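Coordinates as given in model-v5.pdb (PDB, C-alpha atoms):
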```pdb
ATOM      1  CA  MET A   1     -26.012 -69.584  24.181
ATOM      2  CA  THR A   2     -24.294 -66.526  25.572
ATOM      3  CA  PRO A   3     -25.985 -63.190  25.122
ATOM      4  CA  THR A   4     -24.279 -61.212  22.371
ATOM      5  CA  ARG A   5     -23.394 -57.589  22.814
ATOM      6  CA  SER A   6     -25.585 -55.227  20.912
ATOM      7  CA  ARG A   7     -24.049 -54.143  17.626
ATOM      8  CA  PHE A   8     -25.648 -50.724  18.009
ATOM      9  CA  SER A   9     -24.153 -47.941  20.088
ATOM     10  CA  ALA A  10     -26.287 -46.180  22.687
ATOM     11  CA  PRO A  11     -26.408 -42.851  20.778
ATOM     12  CA  ALA A  12     -27.505 -44.633  17.623
ATOM     13  CA  LEU A  13     -30.270 -46.396  19.507
ATOM     14  CA  LEU A  14     -31.338 -43.120  21.109
ATOM     15  CA  LEU A  15     -31.461 -41.488  17.690
ATOM     16  CA  ALA A  16     -33.483 -44.367  16.312
ATOM     17  CA  ALA A  17     -35.855 -44.105  19.265
ATOM     18  CA  LEU A  18     -36.236 -40.370  18.680
ATOM     19  CA  CYS A  19     -36.960 -40.933  14.996
ATOM     20  CA  LEU A  20     -39.565 -43.534  15.860
ATOM     21  CA  THR A  21     -41.180 -41.139  18.329
ATOM     22  CA  THR A  22     -41.348 -38.456  15.649
ATOM     23  CA  VAL A  23     -42.866 -40.840  13.124
ATOM     24  CA  HIS A  24     -45.280 -42.025  15.777
ATOM     25  CA  THR A  25     -46.444 -38.464  16.424
ATOM     26  CA  ALA A  26     -46.862 -37.711  12.736
ATOM     27  CA  HIS A  27     -48.933 -40.825  12.008
ATOM     28  CA  ALA A  28     -50.456 -42.017  15.248
ATOM     29  CA  ALA A  29     -50.858 -45.641  14.193
ATOM     30  CA  ASP A  30     -53.034 -46.414  17.211
ATOM     31  CA  THR A  31     -55.644 -48.572  15.514
ATOM     32  CA  THR A  32     -56.188 -51.028  12.658
ATOM     33  CA  PRO A  33     -59.060 -51.595  10.215
ATOM     34  CA  ALA A  34     -59.943 -54.802  12.116
ATOM     35  CA  ALA A  35     -59.890 -52.964  15.462
ATOM     36  CA  GLN A  36     -62.105 -50.234  14.007
ATOM     37  CA  LEU A  37     -64.632 -52.818  12.813
ATOM     38  CA  GLN A  38     -64.588 -54.434  16.241
ATOM     39  CA  HIS A  39     -64.914 -51.066  17.999
ATOM     40  CA  TRP A  40     -67.959 -49.871  16.039
ATOM     41  CA  SER A  41     -69.578 -53.315  16.139
ATOM     42  CA  ALA A  42     -69.234 -53.293  19.942
ATOM     43  CA  GLN A  43     -70.675 -49.769  20.111
ATOM     44  CA  ALA A  44     -73.591 -50.811  17.884
ATOM     45  CA  GLY A  45     -74.197 -54.031  19.804
ATOM     46  CA  SER A  46     -74.149 -56.123  16.629
ATOM     47  CA  PRO A  47     -71.475 -57.089  14.092
ATOM     48  CA  GLY A  48     -70.967 -54.933  10.986
ATOM     49  CA  ASN A  49     -72.500 -56.316   7.796
ATOM     50  CA  ALA A  50     -70.548 -55.942   4.548
ATOM     51  CA  ALA A  51     -73.574 -56.111   2.217
ATOM     52  CA  ARG A  52     -75.399 -53.426   4.206
ATOM     53  CA  GLY A  53     -72.203 -51.377   4.247
ATOM     54  CA  GLN A  54     -71.823 -51.622   0.474
ATOM     55  CA  HIS A  55     -75.396 -50.412  -0.050
ATOM     56  CA  PHE A  56     -74.927 -47.569   2.442
ATOM     57  CA  PHE A  57     -71.650 -46.568   0.764
ATOM     58  CA  ASN A  58     -73.122 -46.334  -2.737
ATOM     59  CA  THR A  59     -76.413 -44.660  -1.835
ATOM     60  CA  LYS A  60     -77.197 -40.974  -1.702
ATOM     61  CA  HIS A  61     -78.920 -40.134   1.529
ATOM     62  CA  GLY A  62     -81.058 -37.206   0.466
ATOM     63  CA  GLY A  63     -78.151 -34.994  -0.492
ATOM     64  CA  GLU A  64     -75.984 -34.459  -3.525
ATOM     65  CA  TRP A  65     -73.338 -37.054  -2.737
ATOM     66  CA  SER A  66     -72.783 -40.643  -1.671
ATOM     67  CA  CYS A  67     -69.551 -41.882  -0.097
ATOM     68  CA  ALA A  68     -68.713 -43.226  -3.554
ATOM     69  CA  SER A  69     -68.935 -39.726  -5.105
ATOM     70  CA  CYS A  70     -65.442 -39.010  -3.847
ATOM     71  CA  HIS A  71     -64.029 -42.427  -2.901
ATOM     72  CA  GLY A  72     -65.150 -44.246  -6.077
ATOM     73  CA  THR A  73     -66.842 -47.611  -6.248
ATOM     74  CA  PRO A  74     -65.462 -49.988  -5.246
ATOM     75  CA  PRO A  75     -63.079 -47.705  -3.316
ATOM     76  CA  THR A  76     -60.035 -49.787  -4.181
ATOM     77  CA  ALA A  77     -58.362 -47.178  -6.404
ATOM     78  CA  GLN A  78     -57.544 -43.494  -6.050
ATOM     79  CA  GLY A  79     -60.637 -41.338  -5.619
ATOM     80  CA  GLN A  80     -61.233 -37.712  -6.535
ATOM     81  CA  HIS A  81     -62.799 -34.933  -4.450
ATOM     82  CA  ALA A  82     -66.220 -34.220  -5.977
ATOM     83  CA  ASN A  83     -65.714 -30.454  -5.797
ATOM     84  CA  THR A  84     -62.053 -29.768  -6.194
ATOM     85  CA  GLY A  85     -60.784 -32.766  -8.147
ATOM     86  CA  LYS A  86     -58.004 -33.382  -5.584
ATOM     87  CA  PRO A  87     -56.873 -37.040  -5.647
ATOM     88  CA  ILE A  88     -57.866 -39.108  -2.601
ATOM     89  CA  ALA A  89     -55.875 -42.206  -1.575
ATOM     90  CA  PRO A  90     -57.782 -45.519  -1.883
ATOM     91  CA  LEU A  91     -60.098 -46.071   1.086
ATOM     92  CA  ALA A  92     -60.115 -49.888   1.217
ATOM     93  CA  PRO A  93     -57.365 -50.966   3.651
ATOM     94  CA  ALA A  94     -56.080 -53.739   1.358
ATOM     95  CA  PHE A  95     -55.169 -51.015  -1.151
ATOM     96  CA  ASN A  96     -53.909 -48.385   1.278
ATOM     97  CA  PRO A  97     -51.848 -49.427   4.317
ATOM     98  CA  LYS A  98     -52.511 -46.098   6.058
ATOM     99  CA  ALA A  99     -56.299 -46.365   5.919
ATOM    100  CA  PHE A 100     -57.985 -46.647   9.339
ATOM    101  CA  THR A 101     -54.735 -46.675  11.329
ATOM    102  CA  ASP A 102     -55.212 -43.357  13.179
ATOM    103  CA  SER A 103     -58.336 -43.164  15.318
ATOM    104  CA  ALA A 104     -58.378 -39.344  15.523
ATOM    105  CA  LYS A 105     -58.275 -39.207  11.742
ATOM    106  CA  VAL A 106     -60.986 -41.843  11.408
ATOM    107  CA  ASN A 107     -63.277 -39.932  13.776
ATOM    108  CA  LYS A 108     -62.582 -36.606  12.102
ATOM    109  CA  TRP A 109     -63.384 -37.854   8.609
ATOM    110  CA  PHE A 110     -66.459 -39.831   9.667
ATOM    111  CA  LYS A 111     -67.799 -36.666  11.287
ATOM    112  CA  ARG A 112     -67.076 -34.405   8.298
ATOM    113  CA  ASN A 113     -68.079 -36.788   5.540
ATOM    114  CA  CYS A 114     -71.222 -38.141   7.188
ATOM    115  CA  ASN A 115     -72.284 -34.529   7.616
ATOM    116  CA  ASP A 116     -71.662 -33.895   3.913
ATOM    117  CA  VAL A 117     -73.499 -37.019   2.743
ATOM    118  CA  LEU A 118     -76.261 -37.466   5.366
ATOM    119  CA  SER A 119     -76.402 -34.021   7.008
ATOM    120  CA  ARG A 120     -75.868 -35.789  10.341
ATOM    121  CA  GLU A 121     -73.304 -37.963  12.087
ATOM    122  CA  CYS A 122     -73.293 -41.662  11.197
ATOM    123  CA  SER A 123     -74.468 -44.182  13.786
ATOM    124  CA  ALA A 124     -72.103 -46.800  15.215
ATOM    125  CA  ALA A 125     -74.016 -49.474  13.287
ATOM    126  CA  GLU A 126     -73.535 -47.598   9.998
ATOM    127  CA  LYS A 127     -69.819 -47.204  10.670
ATOM    128  CA  ALA A 128     -69.519 -50.902  11.533
ATOM    129  CA  ASP A 129     -71.271 -51.855   8.286
ATOM    130  CA  VAL A 130     -69.022 -49.606   6.197
ATOM    131  CA  LEU A 131     -65.906 -50.985   7.922
ATOM    132  CA  ALA A 132     -67.109 -54.539   7.264
ATOM    133  CA  TYR A 133     -67.587 -53.662   3.584
ATOM    134  CA  LEU A 134     -64.220 -51.889   3.213
ATOM    135  CA  ASN A 135     -62.326 -54.668   5.028
ATOM    136  CA  SER A 136     -63.931 -57.257   2.734
ATOM    137  CA  LEU A 137     -62.477 -55.650  -0.419
ATOM    138  CA  LYS A 138     -59.358 -57.536  -1.511
TER     139      LYS A 138
ATOM    140  CA  MET B   1     -11.485  21.952  -6.432
ATOM    141  CA  GLN B   2     -13.572  19.731  -4.245
ATOM    142  CA  HIS B   3     -12.214  18.641  -0.910
ATOM    143  CA  PRO B   4     -11.392  14.897  -0.888
ATOM    144  CA  LEU B   5     -13.504  14.424   2.229
ATOM    145  CA  ASN B   6     -16.488  15.989   0.534
ATOM    146  CA  THR B   7     -16.006  13.700  -2.439
ATOM    147  CA  ARG B   8     -15.974  10.716  -0.118
ATOM    148  CA  ARG B   9     -19.079  11.978   1.601
ATOM    149  CA  HIS B  10     -20.640  12.613  -1.760
ATOM    150  CA  ASN B  11     -19.721   9.077  -2.861
ATOM    151  CA  ALA B  12     -21.111   7.631   0.343
ATOM    152  CA  ARG B  13     -24.362   9.508  -0.200
ATOM    153  CA  HIS B  14     -24.409   8.385  -3.781
ATOM    154  CA  SER B  15     -23.783   4.810  -2.712
ATOM    155  CA  ASN B  16     -26.530   5.006  -0.097
ATOM    156  CA  ALA B  17     -28.924   6.240  -2.728
ATOM    157  CA  ARG B  18     -27.871   3.386  -4.992
ATOM    158  CA  HIS B  19     -28.469   0.868  -2.233
ATOM    159  CA  LEU B  20     -31.865   2.362  -1.589
ATOM    160  CA  LEU B  21     -32.686   2.177  -5.291
ATOM    161  CA  THR B  22     -31.529  -1.443  -5.414
ATOM    162  CA  ALA B  23     -33.661  -2.230  -2.379
ATOM    163  CA  ILE B  24     -36.701  -0.603  -3.946
ATOM    164  CA  LEU B  25     -36.128  -2.450  -7.220
ATOM    165  CA  CYS B  26     -35.705  -5.762  -5.378
ATOM    166  CA  TRP B  27     -38.837  -5.122  -3.386
ATOM    167  CA  ALA B  28     -40.770  -4.252  -6.525
ATOM    168  CA  ALA B  29     -39.469  -7.326  -8.302
ATOM    169  CA  LEU B  30     -40.359  -9.521  -5.337
ATOM    170  CA  SER B  31     -43.813  -8.018  -5.089
ATOM    171  CA  ALA B  32     -44.377  -8.555  -8.773
ATOM    172  CA  ALA B  33     -43.048 -12.094  -8.501
ATOM    173  CA  HIS B  34     -45.416 -12.667  -5.622
ATOM    174  CA  ALA B  35     -48.361 -13.465  -7.822
ATOM    175  CA  ASP B  36     -46.475 -14.721 -10.829
ATOM    176  CA  GLY B  37     -43.598 -16.842  -9.699
ATOM    177  CA  GLY B  38     -41.287 -18.012  -6.992
ATOM    178  CA  ARG B  39     -42.254 -20.234  -4.133
ATOM    179  CA  MET B  40     -45.369 -18.801  -2.553
ATOM    180  CA  LEU B  41     -45.723 -21.190   0.362
ATOM    181  CA  PRO B  42     -43.944 -19.822   3.443
ATOM    182  CA  ARG B  43     -41.201 -22.049   4.832
ATOM    183  CA  ASP B  44     -42.887 -22.265   8.215
ATOM    184  CA  MET B  45     -46.005 -23.932   6.808
ATOM    185  CA  PRO B  46     -47.496 -26.090   9.584
ATOM    186  CA  ALA B  47     -47.806 -29.825   8.918
ATOM    187  CA  ALA B  48     -51.487 -29.431   9.810
ATOM    188  CA  TYR B  49     -51.988 -27.148   6.806
ATOM    189  CA  THR B  50     -51.019 -29.998   4.481
ATOM    190  CA  ALA B  51     -52.830 -32.646   6.508
ATOM    191  CA  GLU B  52     -56.087 -30.747   7.007
ATOM    192  CA  CYS B  53     -56.495 -28.242   4.182
ATOM    193  CA  ALA B  54     -54.522 -29.872   1.399
ATOM    194  CA  ALA B  55     -56.298 -33.198   1.920
ATOM    195  CA  CYS B  56     -59.195 -31.780  -0.098
ATOM    196  CA  HIS B  57     -57.684 -28.985  -2.173
ATOM    197  CA  THR B  58     -54.463 -27.304  -3.196
ATOM    198  CA  ALA B  59     -52.441 -25.928  -0.291
ATOM    199  CA  TYR B  60     -53.376 -22.386  -1.290
ATOM    200  CA  PRO B  61     -50.672 -19.821  -0.538
ATOM    201  CA  PRO B  62     -51.839 -17.575   2.343
ATOM    202  CA  ALA B  63     -50.770 -14.524   0.309
ATOM    203  CA  MET B  64     -53.534 -15.205  -2.223
ATOM    204  CA  LEU B  65     -56.228 -13.897   0.159
ATOM    205  CA  PRO B  66     -56.344 -10.909   2.500
ATOM    206  CA  ALA B  67     -56.410 -11.411   6.272
ATOM    207  CA  ARG B  68     -60.131 -10.628   6.622
ATOM    208  CA  SER B  69     -61.033 -13.351   4.129
ATOM    209  CA  TRP B  70     -58.927 -15.953   5.943
ATOM    210  CA  GLN B  71     -60.497 -14.925   9.206
ATOM    211  CA  ARG B  72     -64.004 -15.546   7.870
ATOM    212  CA  ILE B  73     -62.960 -18.869   6.341
ATOM    213  CA  MET B  74     -61.414 -20.095   9.581
ATOM    214  CA  THR B  75     -64.490 -19.201  11.631
ATOM    215  CA  GLY B  76     -66.867 -21.081   9.309
ATOM    216  CA  LEU B  77     -65.088 -24.375   8.649
ATOM    217  CA  ASP B  78     -68.180 -26.459   9.447
ATOM    218  CA  GLN B  79     -69.769 -24.951   6.319
ATOM    219  CA  HIS B  80     -66.788 -24.652   4.036
ATOM    220  CA  TYR B  81     -67.853 -24.160   0.402
ATOM    221  CA  GLY B  82     -70.454 -26.899   0.627
ATOM    222  CA  THR B  83     -68.572 -29.313   2.869
ATOM    223  CA  ASP B  84     -67.913 -29.830   6.549
ATOM    224  CA  ALA B  85     -64.215 -29.109   7.089
ATOM    225  CA  SER B  86     -64.457 -28.689  10.856
ATOM    226  CA  LEU B  87     -61.311 -29.026  12.927
ATOM    227  CA  ASP B  88     -60.444 -29.143  16.605
ATOM    228  CA  ALA B  89     -60.131 -25.718  18.231
ATOM    229  CA  ALA B  90     -56.351 -25.924  18.747
ATOM    230  CA  THR B  91     -55.687 -26.648  15.060
ATOM    231  CA  VAL B  92     -58.094 -23.900  13.957
ATOM    232  CA  LYS B  93     -56.186 -21.464  16.146
ATOM    233  CA  GLN B  94     -52.763 -22.603  14.920
ATOM    234  CA  LEU B  95     -53.684 -22.454  11.230
ATOM    235  CA  GLY B  96     -55.691 -19.244  11.682
ATOM    236  CA  ASN B  97     -52.718 -17.464  13.236
ATOM    237  CA  TRP B  98     -50.398 -18.688  10.532
ATOM    238  CA  LEU B  99     -52.765 -17.570   7.766
ATOM    239  CA  GLN B 100     -53.146 -14.156   9.389
ATOM    240  CA  ALA B 101     -49.371 -13.778   9.632
ATOM    241  CA  HIS B 102     -48.855 -14.571   5.940
ATOM    242  CA  ALA B 103     -52.053 -13.171   4.438
ATOM    243  CA  GLY B 104     -51.811 -11.161   1.232
ATOM    244  CA  THR B 105     -51.067  -7.467   1.531
ATOM    245  CA  TYR B 106     -50.028  -6.730  -2.019
ATOM    246  CA  LYS B 107     -52.527  -4.277  -3.519
ATOM    247  CA  ARG B 108     -54.059  -6.759  -5.914
ATOM    248  CA  VAL B 109     -54.706  -9.184  -3.068
ATOM    249  CA  ALA B 110     -55.764  -6.687  -0.410
ATOM    250  CA  GLU B 111     -59.252  -6.576  -1.918
ATOM    251  CA  GLU B 112     -61.583  -9.199  -0.397
ATOM    252  CA  PRO B 113     -62.976 -11.301  -3.286
ATOM    253  CA  PRO B 114     -66.676 -12.343  -3.417
ATOM    254  CA  GLN B 115     -67.353 -15.305  -1.069
ATOM    255  CA  ASP B 116     -63.676 -15.128  -0.088
ATOM    256  CA  ARG B 117     -62.891 -17.245  -3.115
ATOM    257  CA  ILE B 118     -59.378 -16.895  -4.544
ATOM    258  CA  THR B 119     -60.836 -17.804  -7.930
ATOM    259  CA  ARG B 120     -63.159 -14.775  -7.834
ATOM    260  CA  SER B 121     -60.321 -12.312  -7.238
ATOM    261  CA  ALA B 122     -59.852  -9.717  -9.967
ATOM    262  CA  TRP B 123     -56.202 -10.712 -10.391
ATOM    263  CA  PHE B 124     -57.152 -14.393 -10.732
ATOM    264  CA  GLU B 125     -59.803 -13.689 -13.338
ATOM    265  CA  ARG B 126     -57.461 -11.455 -15.298
ATOM    266  CA  LYS B 127     -54.669 -14.023 -15.244
ATOM    267  CA  HIS B 128     -57.024 -16.737 -16.508
ATOM    268  CA  ARG B 129     -59.122 -14.641 -18.881
ATOM    269  CA  GLN B 130     -58.013 -16.605 -21.918
ATOM    270  CA  VAL B 131     -58.930 -19.974 -20.482
ATOM    271  CA  GLU B 132     -62.191 -20.993 -22.163
ATOM    272  CA  PRO B 133     -65.163 -22.171 -20.056
ATOM    273  CA  ALA B 134     -64.927 -25.637 -21.633
ATOM    274  CA  VAL B 135     -61.406 -26.052 -20.250
ATOM    275  CA  TRP B 136     -62.540 -25.532 -16.657
ATOM    276  CA  LYS B 137     -65.140 -28.271 -17.201
ATOM    277  CA  LEU B 138     -62.642 -30.947 -18.320
ATOM    278  CA  ALA B 139     -62.716 -34.058 -16.122
ATOM    279  CA  SER B 140     -59.037 -33.481 -15.403
ATOM    280  CA  VAL B 141     -59.743 -29.937 -14.174
ATOM    281  CA  LYS B 142     -63.262 -29.994 -12.683
ATOM    282  CA  SER B 143     -62.875 -26.692 -10.884
ATOM    283  CA  ALA B 144     -60.841 -23.522 -10.966
ATOM    284  CA  ALA B 145     -59.764 -24.529  -7.459
ATOM    285  CA  ASN B 146     -57.827 -27.453  -8.940
ATOM    286  CA  CYS B 147     -54.641 -25.444  -9.540
ATOM    287  CA  ALA B 148     -52.490 -28.537 -10.038
ATOM    288  CA  ALA B 149     -54.428 -29.541 -13.161
ATOM    289  CA  CYS B 150     -52.243 -27.002 -15.011
ATOM    290  CA  HIS B 151     -49.816 -25.569 -12.438
ATOM    291  CA  THR B 152     -47.597 -28.586 -11.854
ATOM    292  CA  GLY B 153     -45.785 -26.924  -8.945
ATOM    293  CA  ALA B 154     -48.952 -25.786  -7.149
ATOM    294  CA  ASP B 155     -48.504 -28.150  -4.219
ATOM    295  CA  GLN B 156     -45.052 -26.633  -3.660
ATOM    296  CA  GLY B 157     -46.392 -23.090  -4.096
ATOM    297  CA  ARG B 158     -44.905 -22.592  -7.562
ATOM    298  CA  TYR B 159     -47.185 -20.867 -10.070
ATOM    299  CA  ASP B 160     -44.585 -19.807 -12.653
ATOM    300  CA  ASP B 161     -45.662 -19.904 -16.267
ATOM    301  CA  ASP B 162     -42.692 -22.251 -16.774
ATOM    302  CA  ASP B 163     -44.367 -24.861 -14.611
ATOM    303  CA  LEU B 164     -47.542 -24.988 -16.684
ATOM    304  CA  LYS B 165     -48.821 -28.102 -18.417
ATOM    305  CA  PHE B 166     -51.842 -28.767 -20.568
ATOM    306  CA  PRO B 167     -54.545 -30.462 -18.531
ATOM    307  CA  ALA B 168     -55.311 -33.998 -19.700
ATOM    308  CA  GLY B 169     -57.780 -34.070 -22.597
ATOM    309  CA  LEU B 170     -57.232 -30.476 -23.708
ATOM    310  CA  ASP B 171     -58.320 -29.802 -27.265
ATOM    311  CA  ALA B 172     -55.617 -28.244 -29.510
ATOM    312  CA  ARG B 173     -57.687 -25.121 -30.197
ATOM    313  CA  TYR B 174     -57.585 -24.174 -26.516
ATOM    314  CA  ARG B 175     -53.818 -24.379 -26.223
ATOM    315  CA  ARG B 176     -53.256 -20.764 -27.182
ATOM    316  CA  ALA B 177     -53.962 -19.571 -23.649
ATOM    317  CA  TRP B 178     -51.005 -21.586 -22.355
ATOM    318  CA  ASN B 179     -48.549 -19.843 -24.624
ATOM    319  CA  ASP B 180     -49.627 -16.399 -23.492
TER     320      ASP B 180
END
```

Exercise: express the given structure as structure tokens:
Amino acid sequence: MTPTRSRFSAPALLLAALCLTTVHTAHAADTTPAAQLQHWSAQAGSPGNAARGQHFFNTKHGGEWSCASCHGTPPTAQGQHANTGKPIAPLAPAFNPKAFTDSAKVNKWFKRNCNDVLSRECSAAEKADVLAYLNSLK
Amino acid sequence: MQHPLNTRRHNARHSNARHLLTAILCWAALSAAHADGGRMLPRDMPAAYTAECAACHTAYPPAMLPARSWQRIMTGLDQHYGTDASLDAATVKQLGNWLQAHAGTYKRVAEEPPQDRITRSAWFERKHRQVEPAVWKLASVKSAANCAACHTGADQGRYDDDDLKFPAGLDARYRRAWND
């Protein structure tokens, strides 16, 4: 079979490449929910556990809120900010294709929200458990 | 009889005065519209403002708070009205500068409200004085910070009375305030 000439002109391809670059910058899709689970499990030294994650997610840890206070339980539908009422996109990856696809965003929100719920950062094991729970929701 | 040149000069002066008057009227109208209508979000709003601030609450128009209030808010993001809203230093700087550049200067906004809360500003309280306490507590409202519960254009910076809706679950007896 002879190689066919590209149907796309060079400028069009360049434009497409530029658009892709822009999109890439806006939503740095540099990770996946499965990769996140693997990452935190490796950091913790043991695999995330969905049942433990579910319990962690729904429990208050001495403060006013649990994860579920804003994300709902199970977090498969739109949540609502406990203070402001602002809608929050579903957290479970099967219900939100953008969830856990940007590692900077994942780290930022873990830091903020763990602080709000536990008054400290979450451990790698806790993050692995929560990821295992969220990834199990279908 | 007046010299034609003088008349022209007189007309020019008259016209200048008219232009000045028009400018003043426009400025007054714009200032008045500032709090009541029009698009209040500046065109150069950084994407980070939507991504970081509007993830949790309405993208509040910078002009709704004075510069000093924004400055305090941006230096205390780790304890932001009961939540940790901390950001990386570069984003804090970018958003802080933008908020300073567009902060409210209109006399009603120049006053720093208690706790730097927009909803504690005198103008805010006056504008919402007919909204009963029970309305703020509706599940669809939750908080006075939830502008979009009634102001359908809030996320685009539109707070015109024309863009108002009744929040879900509003009892008929409270609807009077919306027709004000």

Write out as a short mmCIF file (atom, residue, chain, number, x, y, z; two decimals) with C-alpha atoms, keeping the file's coordinate frame the residues lying within 8 Å of region 109-123 of chain B, counting all atoms listed in the file and excluding same-chain residues fewer than 5 positions away.
```cif
data_model
loop_
_atom_site.label_atom_id
_atom_site.label_comp_id
_atom_site.auth_asym_id
_atom_site.auth_seq_id
_atom_site.Cartn_x
_atom_site.Cartn_y
_atom_site.Cartn_z
CA ALA B 63 -50.77 -14.52 0.31
CA MET B 64 -53.53 -15.20 -2.22
CA LEU B 65 -56.23 -13.90 0.16
CA PRO B 66 -56.34 -10.91 2.50
CA ARG B 68 -60.13 -10.63 6.62
CA SER B 69 -61.03 -13.35 4.13
CA TRP B 70 -58.93 -15.95 5.94
CA ARG B 72 -64.00 -15.55 7.87
CA ILE B 73 -62.96 -18.87 6.34
CA GLY B 104 -51.81 -11.16 1.23
CA ALA B 144 -60.84 -23.52 -10.97
CA ALA B 145 -59.76 -24.53 -7.46
#
```

- Query: Could you list, as a VMD selection string, every residue of chain B that has an atom within 12 Å of an atom of chain A, counting all atoms listed in the file?
  - Reply: chain B and resid 47 to 48 51 to 59 77 to 88 136 to 149 154 to 155

- Message: Quick check on the file I pasted: which residues fall under the PyMOL selection byres ((chain B and resi 44) around 12)? Write them as a PyMOL selection string.
- Response: chain B and resi 40-43+45-50+61-62+94-95+98-99+101-102

- Task: Kindly indicate which residue among A:Leu118, A:Ala124, A:Ala132, A:Ala94 lies nearest to Glu64 (chain A), using all atoms listed in the file for the distances.
- Result: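 Selected residue with least distance to Glu64 (chain A): A:Leu118.
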
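Between CA of Ala104 (chain A) and CA of Ala92 (chain A) there is a distance of 17.9 Å.
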